[in-house]
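Q: One structure coming up, written as structure tokens, with questions to follow.
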Amino acid sequence: KNEVEQSPQNLTAQEGEFITINCSYSVGISALHWLQQHPGGGIVSLFMLSSGKKKHGRLIATINIQEKHSSLHITASHPRDSAVYICAVRSTQGGSEKLVFGKGTKLTVNP
Amino acid sequence: NAGVTQTPKFQVLKTGQSMTLQCAQDMNHEYMSWYRQDPGMGLRLIHYSVGAGITDQGEVPNGYNVSRSTTEDFPLRLLSAAPSQTSVYFCASSLQRRYEQYFGPGTRLTVT
């Protein structure tokens with residue numbers, strides 16, 4: 001079983017819809033990252049969080065440490081939000097910290 | 001600031017050739033790392049450095065070497081390219097290991 005699982009793998013939405021992408025992990029962590037990979041390939045860090053909730057513009061990230069689960073929400077989605085969204089956890093398993101990445105969720109927002 | 005830069009953007013190598021992927025950052029970040037991204041898999045750490053003169057292996061280090069002689073530069077060397085090294089390579093940097101990471105634009109490498 002992968003240490004980081006994202007769902008769904010692919011998501012298609014209409015412009016304006018509310019989007020939720022989920023990330024579950026099976027290891028102890030010190031932080032969780034949400035990244036965005038544009039169609040051109042570049043990767044941008046969206047959030048780094050270890051508890052609670054963070055908001056930036058139309059993006060909201062939440063984490064529940066007890067349930068080992070995080071969600072990324074996009075409100076009023078727009079075609080420019082089309083990208084692959086990657087969850088990564090800073091795993092504390094085995095004594096040394098390392099970043100473990102999910103496989104990503106491909107989001108397509110149609111006009 | 002240019003952020004994290006990588007060269008080249010694209011490269012085609014023949015099996016057995018060697019080459020160096022360049023990575024530089026101008027943010028005075030201590031932590032730098034190299035990842036590879038393959039279809040259907042998450043990013044995987046190849047090597048990392050916590051500061052000039054200090055490097056360590058990540059999850060998939062075989063076939064790659066790194067050095068960190070300056071804070072700014074962190075080149076990745078492929079010693080003898082193999083088709084299994086066909087991938088997209090990303091360099092990233094952060095102020096320190098636990099901070100937000102900044103990624104370069106990537107290098108798409110094909111080994112034939």
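By convention in this document, the chains of the structure tokens carry letters A, B, ... by their order, each chain's residues are numbered from 1, and ligands are numbered from 1 in the order they are shown.
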Just the residues within 9 Å of B:Glu72, please, counting only C-alpha atoms, with nothing from its chain fewer than 6 positions along; format it as a PyMOL selection string.

A: chain B and resi 23-30+52

Q: Please identify every residue of chain A that has at least one atom no farther than 12 Å from an atom of chain B, counting only C-alpha atoms, and for each give the shortest atom pair and the distance in Å to one decimal, arranged by chain then increasing number, as CSV.

A:
residue,atom,partner,partner_atom,distance
A:Asn2,CA,B:Gly42,CA,10.0
A:Glu3,CA,B:Gly42,CA,10.8
A:Val4,CA,B:Gly42,CA,9.2
A:Glu5,CA,B:Gly42,CA,10.1
A:Gln6,CA,B:Gly42,CA,10.6
A:Gln9,CA,B:Gly40,CA,10.2
A:Ile29,CA,B:Arg98,CA,11.6
A:Ser30,CA,B:Arg98,CA,8.8
A:Ala31,CA,B:Arg98,CA,8.3
A:Leu32,CA,B:Glu100,CA,10.2
A:His33,CA,B:Glu100,CA,8.1
A:Trp34,CA,B:Glu100,CA,10.1
A:Leu35,CA,B:Gln101,CA,9.6
A:Gln36,CA,B:Phe103,CA,10.8
A:Gln37,CA,B:Pro105,CA,10.2
A:His38,CA,B:Pro105,CA,10.3
A:Pro39,CA,B:Pro105,CA,11.7
A:Gly40,CA,B:Pro105,CA,8.8
A:Gly41,CA,B:Pro105,CA,6.9
A:Gly42,CA,B:Pro105,CA,4.9
A:Ile43,CA,B:Phe103,CA,5.9
A:Val44,CA,B:Phe103,CA,6.7
A:Ser45,CA,B:Gln101,CA,6.7
A:Leu46,CA,B:Glu100,CA,9.1
A:Phe47,CA,B:Glu100,CA,8.1
A:Met48,CA,B:Glu100,CA,6.6
A:Leu49,CA,B:Glu100,CA,9.9
A:Ser50,CA,B:Arg98,CA,11.3
A:Val84,CA,B:Gly42,CA,11.5
A:Tyr85,CA,B:Gly42,CA,11.3
A:Ile86,CA,B:Gly42,CA,8.3
A:Cys87,CA,B:Gly42,CA,9.3
A:Ala88,CA,B:Gly42,CA,8.9
A:Val89,CA,B:Arg98,CA,11.0
A:Arg90,CA,B:Arg98,CA,8.1
A:Ser91,CA,B:Arg98,CA,11.1
A:Thr92,CA,B:Arg98,CA,11.6
A:Ser96,CA,B:Gly58,CA,11.2
A:Glu97,CA,B:Arg98,CA,9.0
A:Lys98,CA,B:Gly58,CA,8.5
A:Leu99,CA,B:Leu45,CA,8.0
A:Val100,CA,B:Arg44,CA,7.6
A:Phe101,CA,B:Gly42,CA,5.1
A:Gly102,CA,B:Gly42,CA,5.2
A:Lys103,CA,B:Gly42,CA,4.3
A:Gly104,CA,B:Gly42,CA,7.1
A:Thr105,CA,B:Gly42,CA,10.9
A:Lys106,CA,B:Gly40,CA,11.6

Q: Identify all residues of stretch 34-78 of chain A in strand (DSSP E) (DSSP on the backbone) and supply them as a ChimeraX atom specification.

A: /A:34-37,43-49,52-56,59-64,69-74

Q: Excluding B:Ser80 and its own-chain neighbours fewer than 4 positions away, which residues fall within 10 Å of it when counting only C-alpha atoms? Please give them as a PyMOL selection string.

A: chain B and resi 13-19+63-64+85

Q: Next, write the just-selected residues to a file, as a PDB file, in the first residue's frame, keeping C-alpha atoms as the atom set.

A:
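again.pdb, written as the output of this step:
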ATOM      1  CA  LEU B  13      21.287  10.576 -24.620  1.00  0.00           C
ATOM      2  CA  LYS B  14      22.477   7.262 -25.921  1.00  0.00           C
ATOM      3  CA  THR B  15      22.931   4.375 -23.493  1.00  0.00           C
ATOM      4  CA  GLY B  16      26.315   4.635 -21.801  1.00  0.00           C
ATOM      5  CA  GLN B  17      26.775   8.371 -22.290  1.00  0.00           C
ATOM      6  CA  SER B  18      27.306  10.618 -19.306  1.00  0.00           C
ATOM      7  CA  MET B  19      25.993  14.096 -18.681  1.00  0.00           C
ATOM      8  CA  GLY B  63      23.407   5.733 -11.273  1.00  0.00           C
ATOM      9  CA  TYR B  64      23.555   9.356 -10.127  1.00  0.00           C
ATOM     10  CA  GLN B  85      16.799   6.840 -16.415  1.00  0.00           C
TER      11      GLN B  85
END

Q: If I take atom CA of B:Asp56 and atom CA of B:Leu78, how far is one from the other in Å, to one decimal?

A: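 Going from atom CA of B:Asp56 over to atom CA of B:Leu78 covers 15.9 Å.
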
Q: Measuring atom to atom with only C-alpha atoms, identify which of A:Asn64, A:Ser51, A:Asn22, A:Gln14 is nearest to A:His78.

A: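 So, comparing all the options, the nearest one is A:Gln14.
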